[in-house]
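As structure tokens, the structure follows; a few thoughts come after it.
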Amino acid sequence: GAVVSQHPSRVICKSGTSVKIECRSLDFQATTMFWYRQFPKKSLMLMATSNEGSKATYEQGVEKDKFLINHASLTLSTLTVTSAHPEDSSFYICSARRGQRVSYNEQFFGPGTRLTVL
Amino acid sequence: SQQGEEDPQALSIQEGENATMNCSYKTSINNLQWYRQNSGRGLVHLILIRSNEREKHSGRLRVTLDTSKKSSSLLITASRAADTASYFCATDRQAGTALIFGKGTTLSVSS
């Protein structure tokens with residue numbers, strides 16, 4: 001149990017287009033999902049916290065109008081990179097927190113989406 | 001953010017040797033977790049240690065936590081070529097909040 005999927009796994013797009021990345025919790029309900037990005041040979045940087053039914057909370061320096069996050073259901077959060085530019089090329093990873101009990105903050109990570117903007 | 005620092009950044013060892021990676025963080029934490037990431041792939045959760053624990057074992061993994069020094073170490077014993085990966089520590093300030101990742105240690109185990 002506790003599987004998180006991401007779709008697509010890889011995407012190549014032209015500069016100026018928008019790309020949507022989906023993060024799904026397959027066998028549990030995730031009231032909170034988190035989005036990270038990772039540059040080559042670097043660590044994961046938290047972009048935003050997504051709570052079901054409410055607006056996402058973005059980290060300092062992350063443009064909310066550029067990285068649109070929607071968490072419309074307990075099993076799906078989407079990240080849309082709008083008007084993508086080559087510098088948005090990165091590895092995007094989501095994680096989902098299971099359930100309401102947060103005693104030890106169990107989170108499950110998706111396999112990541114590699115975005116390449118030409 | 002309280003991104004941690006891993007030490008060393010890169011580590012190369014021979015199969016059978018032990019590998020030790022260290023992680024330091026800046027603020028108080030709820031838990032500390034270690035993850036592994038193969039090149040270009042997702043994260044694999046290795047082990048979680050709570051802030052009131054000092055040591056934890058899981059198979060060939062041993063994790064220690066020193067909250068007074070705000071540091072943790074991950075020991076992999078009898079390493080194998082398949083252990084080659086990047087290892088990250090991650091902390092959370094409060095239960096339910098996002099994980100903040102350290103910079104990672106890239107481990108290379110040669111046979």
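Residues are named by chain letter and number: chains run A, B, ... in the order of the structure tokens, numbers start at 1 in each chain, and ligands are numbered from 1 in the order shown.
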
Using only C-alpha atoms, find which residues of chain A lie within 10 Å of chain B and jot them down as a count of residues only.
43

So which residues touch Met21 (chain B) within 8 Å, counting only C-alpha atoms, skipping near sequence neighbours fewer than 6 positions away, as a list of chain:residue names?
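Here the qualifying residues turn out to be B:Glu6, B:Asp7, B:Pro8, B:Ser73, B:Leu74, B:Leu75, B:Thr105.
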
Restricting the output to N, CA and C atoms, write the selected residues as a CSV table (one decimal), in the first residue's frame.
chain,number,residue,atom,x,y,z
B,6,GLU,N,24.9,17.5,4.2
B,6,GLU,CA,25.5,16.2,4.3
B,6,GLU,C,27.0,16.2,4.2
B,7,ASP,N,27.6,15.3,4.8
B,7,ASP,CA,29.0,15.2,4.8
B,7,ASP,C,29.4,13.8,4.7
B,8,PRO,N,30.2,13.3,3.8
B,8,PRO,CA,30.8,14.1,2.7
B,8,PRO,C,29.8,14.3,1.6
B,73,SER,N,23.8,10.5,11.7
B,73,SER,CA,24.7,9.7,10.8
B,73,SER,C,24.0,8.5,10.3
B,74,LEU,N,24.3,8.1,9.1
B,74,LEU,CA,23.8,6.9,8.5
B,74,LEU,C,25.0,6.0,8.2
B,75,LEU,N,25.0,4.8,8.7
B,75,LEU,CA,26.0,3.8,8.5
B,75,LEU,C,25.5,2.7,7.7
B,105,THR,N,24.6,13.0,-0.1
B,105,THR,CA,25.9,12.4,-0.3
B,105,THR,C,25.8,11.4,-1.4

Quick check, in Å to one decimal: how far apart do CA of Ser58 (chain B) and CA of Ile76 (chain B) lie?
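Interatomic distance here is 9.8 Å.
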
If you count only C-alpha atoms, which residues fall within 8 Å of region 25-29 of chain A, apart from same-chain ones fewer than 3 positions away, as a VMD selection string?
chain A and resid 1 to 5 74 to 76 96 98 to 99

Test item: residues at most 9 Å from Leu68 (chain A), only C-alpha atoms, excluding those fewer than 3 positions along its chain, as a VMD selection string
chain A and resid 20 56 63 to 65 78 to 82

With DSSP run on the backbone, what are the strand (DSSP E or B) residues within chain B? I'd like them as a compact mmCIF listing (two decimals) with all heavy atoms, in the first residue's frame.
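Ended up saving to part.txt:
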# COMPACT_ATOMS: atom_id res chain seq x y z
N GLU B 5 22.97 19.83 5.90
CA GLU B 5 24.20 19.63 5.17
C GLU B 5 24.63 18.19 5.35
O GLU B 5 24.70 17.70 6.47
CB GLU B 5 25.29 20.55 5.74
CG GLU B 5 24.98 22.03 5.68
CD GLU B 5 25.36 22.64 4.36
OE1 GLU B 5 26.19 22.04 3.66
OE2 GLU B 5 24.82 23.69 4.03
N GLU B 6 24.92 17.55 4.24
CA GLU B 6 25.45 16.19 4.34
C GLU B 6 26.96 16.24 4.18
O GLU B 6 27.53 17.08 3.47
CB GLU B 6 24.88 15.27 3.25
CG GLU B 6 23.69 14.47 3.71
CD GLU B 6 22.40 15.18 3.38
OE1 GLU B 6 22.45 16.40 3.28
OE2 GLU B 6 21.37 14.53 3.22
N ASP B 7 27.57 15.29 4.80
CA ASP B 7 29.02 15.23 4.78
C ASP B 7 29.41 13.76 4.73
O ASP B 7 28.93 12.99 5.55
CB ASP B 7 29.57 15.92 6.03
CG ASP B 7 31.02 15.65 6.25
OD1 ASP B 7 31.78 15.69 5.27
OD2 ASP B 7 31.40 15.40 7.40
N ALA B 10 30.62 13.44 -1.48
CA ALA B 10 30.81 12.26 -2.31
C ALA B 10 31.69 11.28 -1.56
O ALA B 10 32.59 11.68 -0.82
CB ALA B 10 31.44 12.64 -3.65
N LEU B 11 31.39 10.00 -1.73
CA LEU B 11 32.12 8.96 -1.02
C LEU B 11 32.28 7.77 -1.95
O LEU B 11 31.31 7.28 -2.51
CB LEU B 11 31.33 8.56 0.23
CG LEU B 11 31.90 7.47 1.12
CD1 LEU B 11 33.25 7.90 1.69
CD2 LEU B 11 30.93 7.16 2.26
N SER B 12 33.53 7.32 -2.11
CA SER B 12 33.81 6.16 -2.96
C SER B 12 34.47 5.09 -2.11
O SER B 12 35.48 5.35 -1.46
CB SER B 12 34.75 6.55 -4.11
OG SER B 12 34.12 7.45 -4.99
N ILE B 13 33.90 3.89 -2.12
CA ILE B 13 34.44 2.79 -1.32
C ILE B 13 34.39 1.50 -2.12
O ILE B 13 33.79 1.44 -3.20
CB ILE B 13 33.64 2.61 -0.01
CG1 ILE B 13 32.17 2.35 -0.32
CG2 ILE B 13 33.80 3.82 0.90
CD1 ILE B 13 31.35 2.02 0.93
N GLN B 14 35.00 0.48 -1.55
CA GLN B 14 35.00 -0.84 -2.17
C GLN B 14 33.88 -1.67 -1.55
O GLN B 14 33.48 -1.45 -0.39
CB GLN B 14 36.34 -1.54 -1.92
CG GLN B 14 37.53 -0.84 -2.55
CD GLN B 14 37.58 -1.04 -4.04
OE1 GLN B 14 37.27 -2.11 -4.55
NE2 GLN B 14 37.96 0.01 -4.75
N ALA B 19 30.12 2.36 4.93
CA ALA B 19 29.99 3.74 4.47
C ALA B 19 29.28 4.54 5.54
O ALA B 19 28.21 4.13 6.01
CB ALA B 19 29.20 3.81 3.17
N THR B 20 29.85 5.66 5.91
CA THR B 20 29.24 6.53 6.91
C THR B 20 28.97 7.90 6.31
O THR B 20 29.87 8.51 5.73
CB THR B 20 30.14 6.69 8.14
OG1 THR B 20 30.36 5.40 8.73
CG2 THR B 20 29.47 7.59 9.18
N MET B 21 27.73 8.34 6.45
CA MET B 21 27.35 9.66 5.97
C MET B 21 26.77 10.44 7.13
O MET B 21 26.06 9.88 7.96
CB MET B 21 26.29 9.53 4.87
CG MET B 21 26.85 8.97 3.60
SD MET B 21 25.58 8.31 2.52
CE MET B 21 25.58 6.60 3.01
N ASN B 22 27.08 11.72 7.16
CA ASN B 22 26.62 12.57 8.25
C ASN B 22 25.70 13.65 7.74
O ASN B 22 25.79 14.08 6.58
CB ASN B 22 27.82 13.21 8.94
CG ASN B 22 28.79 12.18 9.47
OD1 ASN B 22 28.45 11.38 10.33
ND2 ASN B 22 29.99 12.16 8.91
N CYS B 23 24.84 14.09 8.61
CA CYS B 23 23.87 15.12 8.26
C CYS B 23 23.75 16.08 9.43
O CYS B 23 23.64 15.63 10.58
CB CYS B 23 22.52 14.45 7.96
SG CYS B 23 21.10 15.56 7.93
N SER B 24 23.78 17.37 9.14
CA SER B 24 23.55 18.35 10.20
C SER B 24 22.38 19.22 9.79
O SER B 24 22.12 19.43 8.61
CB SER B 24 24.80 19.20 10.41
OG SER B 24 25.13 19.90 9.23
N ASN B 31 11.14 14.73 13.46
CA ASN B 31 11.78 13.47 13.09
C ASN B 31 12.89 13.75 12.11
O ASN B 31 12.95 14.83 11.51
CB ASN B 31 10.77 12.53 12.38
CG ASN B 31 9.60 12.18 13.24
OD1 ASN B 31 9.77 11.68 14.33
ND2 ASN B 31 8.41 12.46 12.74
N LEU B 32 13.73 12.76 11.90
CA LEU B 32 14.72 12.83 10.84
C LEU B 32 14.63 11.54 10.03
O LEU B 32 14.51 10.45 10.61
CB LEU B 32 16.12 13.02 11.41
CG LEU B 32 17.24 13.25 10.38
CD1 LEU B 32 18.26 14.26 10.90
CD2 LEU B 32 17.93 11.97 9.97
N GLN B 33 14.65 11.69 8.74
CA GLN B 33 14.52 10.52 7.88
C GLN B 33 15.68 10.49 6.90
O GLN B 33 16.25 11.53 6.56
CB GLN B 33 13.19 10.57 7.12
CG GLN B 33 11.98 10.70 8.04
CD GLN B 33 10.66 10.70 7.30
OE1 GLN B 33 10.39 9.81 6.52
NE2 GLN B 33 9.83 11.71 7.56
N TRP B 34 16.00 9.30 6.46
CA TRP B 34 17.01 9.12 5.42
C TRP B 34 16.34 8.50 4.20
O TRP B 34 15.54 7.57 4.32
CB TRP B 34 18.15 8.23 5.91
CG TRP B 34 19.09 8.92 6.84
CD1 TRP B 34 19.02 9.00 8.20
CD2 TRP B 34 20.28 9.64 6.47
NE1 TRP B 34 20.08 9.71 8.69
CE2 TRP B 34 20.87 10.12 7.66
CE3 TRP B 34 20.91 9.92 5.25
CZ2 TRP B 34 22.05 10.87 7.67
CZ3 TRP B 34 22.08 10.65 5.26
CH2 TRP B 34 22.64 11.12 6.45
N TYR B 35 16.74 9.04 3.05
CA TYR B 35 16.22 8.54 1.78
C TYR B 35 17.38 8.21 0.86
O TYR B 35 18.47 8.76 0.97
CB TYR B 35 15.35 9.60 1.08
CG TYR B 35 14.01 9.82 1.73
CD1 TYR B 35 13.86 10.67 2.81
CD2 TYR B 35 12.88 9.17 1.24
CE1 TYR B 35 12.63 10.89 3.39
CE2 TYR B 35 11.64 9.38 1.81
CZ TYR B 35 11.52 10.24 2.88
OH TYR B 35 10.30 10.44 3.47
N ARG B 36 17.08 7.38 -0.09
CA ARG B 36 18.05 7.00 -1.10
C ARG B 36 17.44 7.32 -2.46
O ARG B 36 16.24 7.22 -2.66
CB ARG B 36 18.30 5.50 -0.95
CG ARG B 36 18.92 4.83 -2.11
CD ARG B 36 18.65 3.33 -2.07
NE ARG B 36 19.05 2.77 -3.31
CZ ARG B 36 20.00 1.87 -3.45
NH1 ARG B 36 20.60 1.40 -2.37
NH2 ARG B 36 20.33 1.42 -4.63
N GLN B 37 18.31 7.74 -3.39
CA GLN B 37 17.84 8.05 -4.73
C GLN B 37 18.85 7.55 -5.74
O GLN B 37 20.01 7.97 -5.72
CB GLN B 37 17.64 9.56 -4.91
CG GLN B 37 17.06 9.94 -6.27
CD GLN B 37 16.91 11.44 -6.44
OE1 GLN B 37 17.73 12.21 -5.98
NE2 GLN B 37 15.83 11.86 -7.10
N LEU B 43 12.57 8.76 -4.93
CA LEU B 43 13.15 8.54 -3.60
C LEU B 43 12.67 7.24 -2.99
O LEU B 43 11.52 6.86 -3.15
CB LEU B 43 12.76 9.68 -2.67
CG LEU B 43 13.30 11.06 -3.02
CD1 LEU B 43 12.67 12.10 -2.12
CD2 LEU B 43 14.81 11.08 -2.86
N VAL B 44 13.56 6.61 -2.28
CA VAL B 44 13.22 5.41 -1.53
C VAL B 44 13.44 5.71 -0.05
O VAL B 44 14.54 6.10 0.35
CB VAL B 44 14.09 4.21 -1.96
CG1 VAL B 44 13.80 3.00 -1.08
CG2 VAL B 44 13.84 3.89 -3.43
N HIS B 45 12.41 5.52 0.73
CA HIS B 45 12.53 5.77 2.17
C HIS B 45 13.34 4.66 2.81
O HIS B 45 13.07 3.47 2.59
CB HIS B 45 11.14 5.84 2.79
CG HIS B 45 11.16 6.15 4.25
ND1 HIS B 45 11.04 5.18 5.22
CD2 HIS B 45 11.31 7.32 4.91
CE1 HIS B 45 11.11 5.74 6.41
NE2 HIS B 45 11.27 7.04 6.25
N LEU B 46 14.34 5.04 3.60
CA LEU B 46 15.19 4.05 4.25
C LEU B 46 14.82 3.85 5.70
O LEU B 46 14.60 2.73 6.16
CB LEU B 46 16.65 4.47 4.14
CG LEU B 46 17.25 4.53 2.73
CD1 LEU B 46 18.68 5.03 2.79
CD2 LEU B 46 17.17 3.17 2.06
N ILE B 47 14.78 4.93 6.44
CA ILE B 47 14.61 4.79 7.88
C ILE B 47 14.19 6.14 8.47
O ILE B 47 14.57 7.19 7.97
CB ILE B 47 15.92 4.27 8.52
CG1 ILE B 47 15.70 3.73 9.91
CG2 ILE B 47 17.02 5.31 8.45
CD1 ILE B 47 16.88 2.92 10.44
N LEU B 48 13.40 6.08 9.51
CA LEU B 48 12.97 7.27 10.24
C LEU B 48 13.42 7.14 11.67
O LEU B 48 13.27 6.06 12.27
CB LEU B 48 11.46 7.43 10.17
CG LEU B 48 10.80 8.58 10.93
CD1 LEU B 48 9.54 9.02 10.21
CD2 LEU B 48 10.47 8.21 12.37
N ILE B 49 13.94 8.20 12.23
CA ILE B 49 14.31 8.22 13.63
C ILE B 49 13.63 9.42 14.27
O ILE B 49 13.64 10.53 13.75
CB ILE B 49 15.85 8.24 13.83
CG1 ILE B 49 16.20 8.09 15.30
CG2 ILE B 49 16.48 9.47 13.20
CD1 ILE B 49 17.67 7.75 15.55
N ARG B 50 12.97 9.16 15.37
CA ARG B 50 12.24 10.22 16.04
C ARG B 50 13.20 11.07 16.87
O ARG B 50 14.27 10.61 17.26
CB ARG B 50 11.15 9.64 16.92
CG ARG B 50 10.15 8.82 16.15
CD ARG B 50 9.08 8.28 17.06
NE ARG B 50 8.31 7.23 16.41
CZ ARG B 50 6.99 7.20 16.34
NH1 ARG B 50 6.28 8.17 16.88
NH2 ARG B 50 6.37 6.21 15.74
N GLU B 55 19.27 6.00 18.44
CA GLU B 55 19.86 5.07 17.49
C GLU B 55 18.76 4.15 16.97
O GLU B 55 17.84 3.80 17.70
CB GLU B 55 20.96 4.26 18.16
CG GLU B 55 21.74 3.36 17.24
CD GLU B 55 22.95 2.75 17.94
OE1 GLU B 55 23.68 3.49 18.63
OE2 GLU B 55 23.16 1.53 17.77
N LYS B 56 18.91 3.77 15.71
CA LYS B 56 17.95 2.86 15.12
C LYS B 56 18.64 1.99 14.09
O LYS B 56 19.55 2.44 13.40
CB LYS B 56 16.81 3.64 14.47
CG LYS B 56 15.52 2.87 14.36
CD LYS B 56 14.36 3.83 14.12
CE LYS B 56 13.05 3.08 14.12
NZ LYS B 56 11.91 4.00 13.90
N HIS B 57 18.19 0.74 14.00
CA HIS B 57 18.79 -0.20 13.06
C HIS B 57 17.73 -0.72 12.12
O HIS B 57 16.58 -0.90 12.49
CB HIS B 57 19.41 -1.38 13.80
CG HIS B 57 20.54 -1.02 14.70
ND1 HIS B 57 21.86 -1.28 14.40
CD2 HIS B 57 20.55 -0.38 15.90
CE1 HIS B 57 22.62 -0.85 15.38
NE2 HIS B 57 21.86 -0.30 16.31
N SER B 58 18.16 -0.97 10.88
CA SER B 58 17.28 -1.63 9.92
C SER B 58 18.17 -2.37 8.94
O SER B 58 18.78 -1.78 8.05
CB SER B 58 16.41 -0.62 9.19
OG SER B 58 15.61 -1.26 8.21
N LEU B 61 21.56 -1.06 7.85
CA LEU B 61 21.57 0.38 8.13
C LEU B 61 21.55 0.65 9.62
O LEU B 61 20.84 -0.02 10.38
CB LEU B 61 20.36 1.06 7.50
CG LEU B 61 20.11 0.85 6.01
CD1 LEU B 61 18.85 1.60 5.59
CD2 LEU B 61 21.30 1.30 5.20
N ARG B 62 22.33 1.63 10.02
CA ARG B 62 22.30 2.09 11.41
C ARG B 62 22.28 3.62 11.38
O ARG B 62 23.14 4.24 10.75
CB ARG B 62 23.52 1.59 12.16
CG ARG B 62 23.66 2.18 13.57
CD ARG B 62 24.85 1.57 14.31
NE ARG B 62 25.16 2.32 15.51
CZ ARG B 62 26.21 3.13 15.64
NH1 ARG B 62 27.06 3.28 14.64
NH2 ARG B 62 26.43 3.76 16.78
N VAL B 63 21.31 4.17 12.04
CA VAL B 63 21.18 5.62 12.09
C VAL B 63 21.32 6.08 13.53
O VAL B 63 20.77 5.46 14.44
CB VAL B 63 19.81 6.06 11.54
CG1 VAL B 63 19.56 7.53 11.83
CG2 VAL B 63 19.73 5.81 10.05
N THR B 64 22.05 7.15 13.72
CA THR B 64 22.14 7.77 15.03
C THR B 64 21.64 9.20 14.92
O THR B 64 21.67 9.82 13.86
CB THR B 64 23.59 7.76 15.55
OG1 THR B 64 24.39 8.55 14.67
CG2 THR B 64 24.13 6.35 15.66
N LEU B 65 21.18 9.70 16.04
CA LEU B 65 20.69 11.08 16.10
C LEU B 65 21.19 11.73 17.37
O LEU B 65 21.02 11.17 18.46
CB LEU B 65 19.16 11.10 16.05
CG LEU B 65 18.50 12.48 16.14
CD1 LEU B 65 18.86 13.33 14.93
CD2 LEU B 65 16.98 12.34 16.28
N ASP B 66 21.80 12.88 17.22
CA ASP B 66 22.27 13.66 18.37
C ASP B 66 21.60 15.03 18.27
O ASP B 66 22.07 15.90 17.55
CB ASP B 66 23.79 13.78 18.34
CG ASP B 66 24.35 14.44 19.59
OD1 ASP B 66 23.60 15.19 20.27
OD2 ASP B 66 25.53 14.23 19.90
N SER B 71 22.68 16.72 14.66
CA SER B 71 23.34 15.93 13.63
C SER B 71 22.86 14.50 13.67
O SER B 71 22.37 14.00 14.69
CB SER B 71 24.86 15.98 13.80
OG SER B 71 25.23 15.32 14.98
N SER B 72 23.02 13.83 12.54
CA SER B 72 22.65 12.43 12.41
C SER B 72 23.68 11.76 11.52
O SER B 72 24.33 12.41 10.70
CB SER B 72 21.26 12.31 11.77
OG SER B 72 20.95 10.96 11.47
N SER B 73 23.82 10.47 11.70
CA SER B 73 24.70 9.73 10.80
C SER B 73 23.99 8.48 10.30
O SER B 73 23.15 7.91 10.99
CB SER B 73 26.00 9.33 11.52
OG SER B 73 25.73 8.37 12.52
N LEU B 74 24.32 8.11 9.10
CA LEU B 74 23.81 6.89 8.48
C LEU B 74 25.00 6.00 8.18
O LEU B 74 25.92 6.41 7.48
CB LEU B 74 23.05 7.19 7.19
CG LEU B 74 22.66 5.98 6.33
CD1 LEU B 74 21.62 5.13 7.04
CD2 LEU B 74 22.14 6.42 4.97
N LEU B 75 24.97 4.81 8.72
CA LEU B 75 26.03 3.83 8.48
C LEU B 75 25.45 2.69 7.67
O LEU B 75 24.43 2.11 8.04
CB LEU B 75 26.59 3.29 9.80
CG LEU B 75 27.49 2.06 9.72
CD1 LEU B 75 28.80 2.41 9.01
CD2 LEU B 75 27.78 1.51 11.11
N ILE B 76 26.10 2.39 6.55
CA ILE B 76 25.74 1.22 5.76
C ILE B 76 26.87 0.22 5.92
O ILE B 76 28.02 0.51 5.54
CB ILE B 76 25.55 1.56 4.27
CG1 ILE B 76 24.51 2.66 4.09
CG2 ILE B 76 25.16 0.31 3.47
CD1 ILE B 76 24.35 3.16 2.66
N ALA B 85 24.31 5.15 -4.94
CA ALA B 85 23.14 6.03 -5.04
C ALA B 85 23.47 7.33 -4.31
O ALA B 85 24.54 7.48 -3.73
CB ALA B 85 21.91 5.38 -4.41
N SER B 86 22.53 8.24 -4.34
CA SER B 86 22.63 9.44 -3.51
C SER B 86 21.77 9.25 -2.28
O SER B 86 20.68 8.67 -2.36
CB SER B 86 22.16 10.68 -4.28
OG SER B 86 23.05 10.99 -5.32
N TYR B 87 22.26 9.72 -1.15
CA TYR B 87 21.55 9.56 0.12
C TYR B 87 21.27 10.94 0.70
O TYR B 87 22.16 11.79 0.77
CB TYR B 87 22.38 8.72 1.09
CG TYR B 87 22.52 7.28 0.63
CD1 TYR B 87 23.47 6.93 -0.33
CD2 TYR B 87 21.66 6.29 1.11
CE1 TYR B 87 23.56 5.61 -0.78
CE2 TYR B 87 21.76 4.99 0.68
CZ TYR B 87 22.71 4.66 -0.28
OH TYR B 87 22.80 3.36 -0.73
N PHE B 88 20.03 11.13 1.10
CA PHE B 88 19.60 12.41 1.65
C PHE B 88 19.00 12.23 3.03
O PHE B 88 18.25 11.28 3.27
CB PHE B 88 18.52 13.05 0.76
CG PHE B 88 18.97 13.38 -0.64
CD1 PHE B 88 18.79 12.47 -1.66
CD2 PHE B 88 19.56 14.60 -0.91
CE1 PHE B 88 19.21 12.77 -2.96
CE2 PHE B 88 19.97 14.90 -2.20
CZ PHE B 88 19.80 13.99 -3.22
N CYS B 89 19.31 13.17 3.90
CA CYS B 89 18.55 13.23 5.14
C CYS B 89 17.45 14.26 4.95
O CYS B 89 17.57 15.18 4.13
CB CYS B 89 19.44 13.59 6.33
SG CYS B 89 20.07 15.28 6.34
N ALA B 90 16.38 14.11 5.70
CA ALA B 90 15.26 15.03 5.60
C ALA B 90 14.67 15.22 6.98
O ALA B 90 14.50 14.26 7.73
CB ALA B 90 14.20 14.50 4.64
N THR B 91 14.37 16.44 7.31
CA THR B 91 13.81 16.75 8.62
C THR B 91 12.49 17.50 8.47
O THR B 91 12.22 18.10 7.43
CB THR B 91 14.78 17.63 9.43
OG1 THR B 91 15.05 18.83 8.68
CG2 THR B 91 16.09 16.91 9.69
N ASP B 92 11.71 17.45 9.51
CA ASP B 92 10.49 18.25 9.57
C ASP B 92 10.42 18.92 10.92
O ASP B 92 10.71 18.31 11.94
CB ASP B 92 9.25 17.40 9.31
CG ASP B 92 9.13 16.25 10.29
OD1 ASP B 92 10.15 15.86 10.89
OD2 ASP B 92 8.01 15.74 10.44
N ILE B 100 12.28 18.84 4.76
CA ILE B 100 13.34 19.68 4.23
C ILE B 100 14.57 18.79 4.06
O ILE B 100 15.03 18.16 5.01
CB ILE B 100 13.66 20.84 5.18
CG1 ILE B 100 12.39 21.64 5.49
CG2 ILE B 100 14.74 21.74 4.58
CD1 ILE B 100 11.73 22.24 4.27
N PHE B 101 15.09 18.78 2.86
CA PHE B 101 16.15 17.84 2.52
C PHE B 101 17.53 18.46 2.64
O PHE B 101 17.74 19.64 2.35
CB PHE B 101 15.96 17.34 1.08
CG PHE B 101 14.86 16.33 0.96
CD1 PHE B 101 13.55 16.73 0.87
CD2 PHE B 101 15.15 14.98 0.99
CE1 PHE B 101 12.52 15.80 0.79
CE2 PHE B 101 14.13 14.04 0.91
CZ PHE B 101 12.82 14.45 0.81
N THR B 105 24.60 13.00 -0.08
CA THR B 105 25.91 12.37 -0.26
C THR B 105 25.78 11.38 -1.40
O THR B 105 24.88 10.54 -1.41
CB THR B 105 26.37 11.62 1.00
OG1 THR B 105 26.62 12.55 2.04
CG2 THR B 105 27.63 10.83 0.73
N THR B 106 26.69 11.49 -2.36
CA THR B 106 26.70 10.54 -3.47
C THR B 106 27.68 9.42 -3.13
O THR B 106 28.87 9.66 -2.98
CB THR B 106 27.14 11.23 -4.77
OG1 THR B 106 26.22 12.28 -5.07
CG2 THR B 106 27.14 10.23 -5.93
N LEU B 107 27.14 8.24 -3.01
CA LEU B 107 27.95 7.07 -2.64
C LEU B 107 28.21 6.21 -3.87
O LEU B 107 27.28 5.88 -4.62
CB LEU B 107 27.22 6.23 -1.59
CG LEU B 107 27.88 4.90 -1.21
CD1 LEU B 107 29.21 5.12 -0.52
CD2 LEU B 107 26.95 4.07 -0.32
N SER B 108 29.46 5.86 -4.06
CA SER B 108 29.83 4.98 -5.16
C SER B 108 30.54 3.77 -4.57
O SER B 108 31.56 3.92 -3.90
CB SER B 108 30.75 5.72 -6.14
OG SER B 108 31.18 4.86 -7.16
N VAL B 109 29.99 2.60 -4.81
CA VAL B 109 30.57 1.36 -4.30
C VAL B 109 31.05 0.55 -5.49
O VAL B 109 30.26 0.16 -6.35
CB VAL B 109 29.54 0.54 -3.50
CG1 VAL B 109 30.20 -0.72 -2.93
CG2 VAL B 109 28.94 1.39 -2.39
N SER B 110 32.33 0.31 -5.51
CA SER B 110 32.89 -0.44 -6.64
C SER B 110 33.19 -1.87 -6.23
O SER B 110 33.59 -2.15 -5.10
CB SER B 110 34.15 0.24 -7.16
OG SER B 110 35.06 0.46 -6.11

What does the structure give for the distance between CA of Val11 (chain A) and CA of Leu118 (chain A), in Å to one decimal?
10.7 Å

The distance between CA of Ala78 (chain B) and CA of Gly59 (chain B) is 10.8 Å

Contacts of His85 (chain A) at 9 Å or less, counting only C-alpha atoms, minus same-chain residues fewer than 5 places along, as a list in words?
Lys14, Ser15, Gly16, Thr17, Val117 and Leu118 of chain A
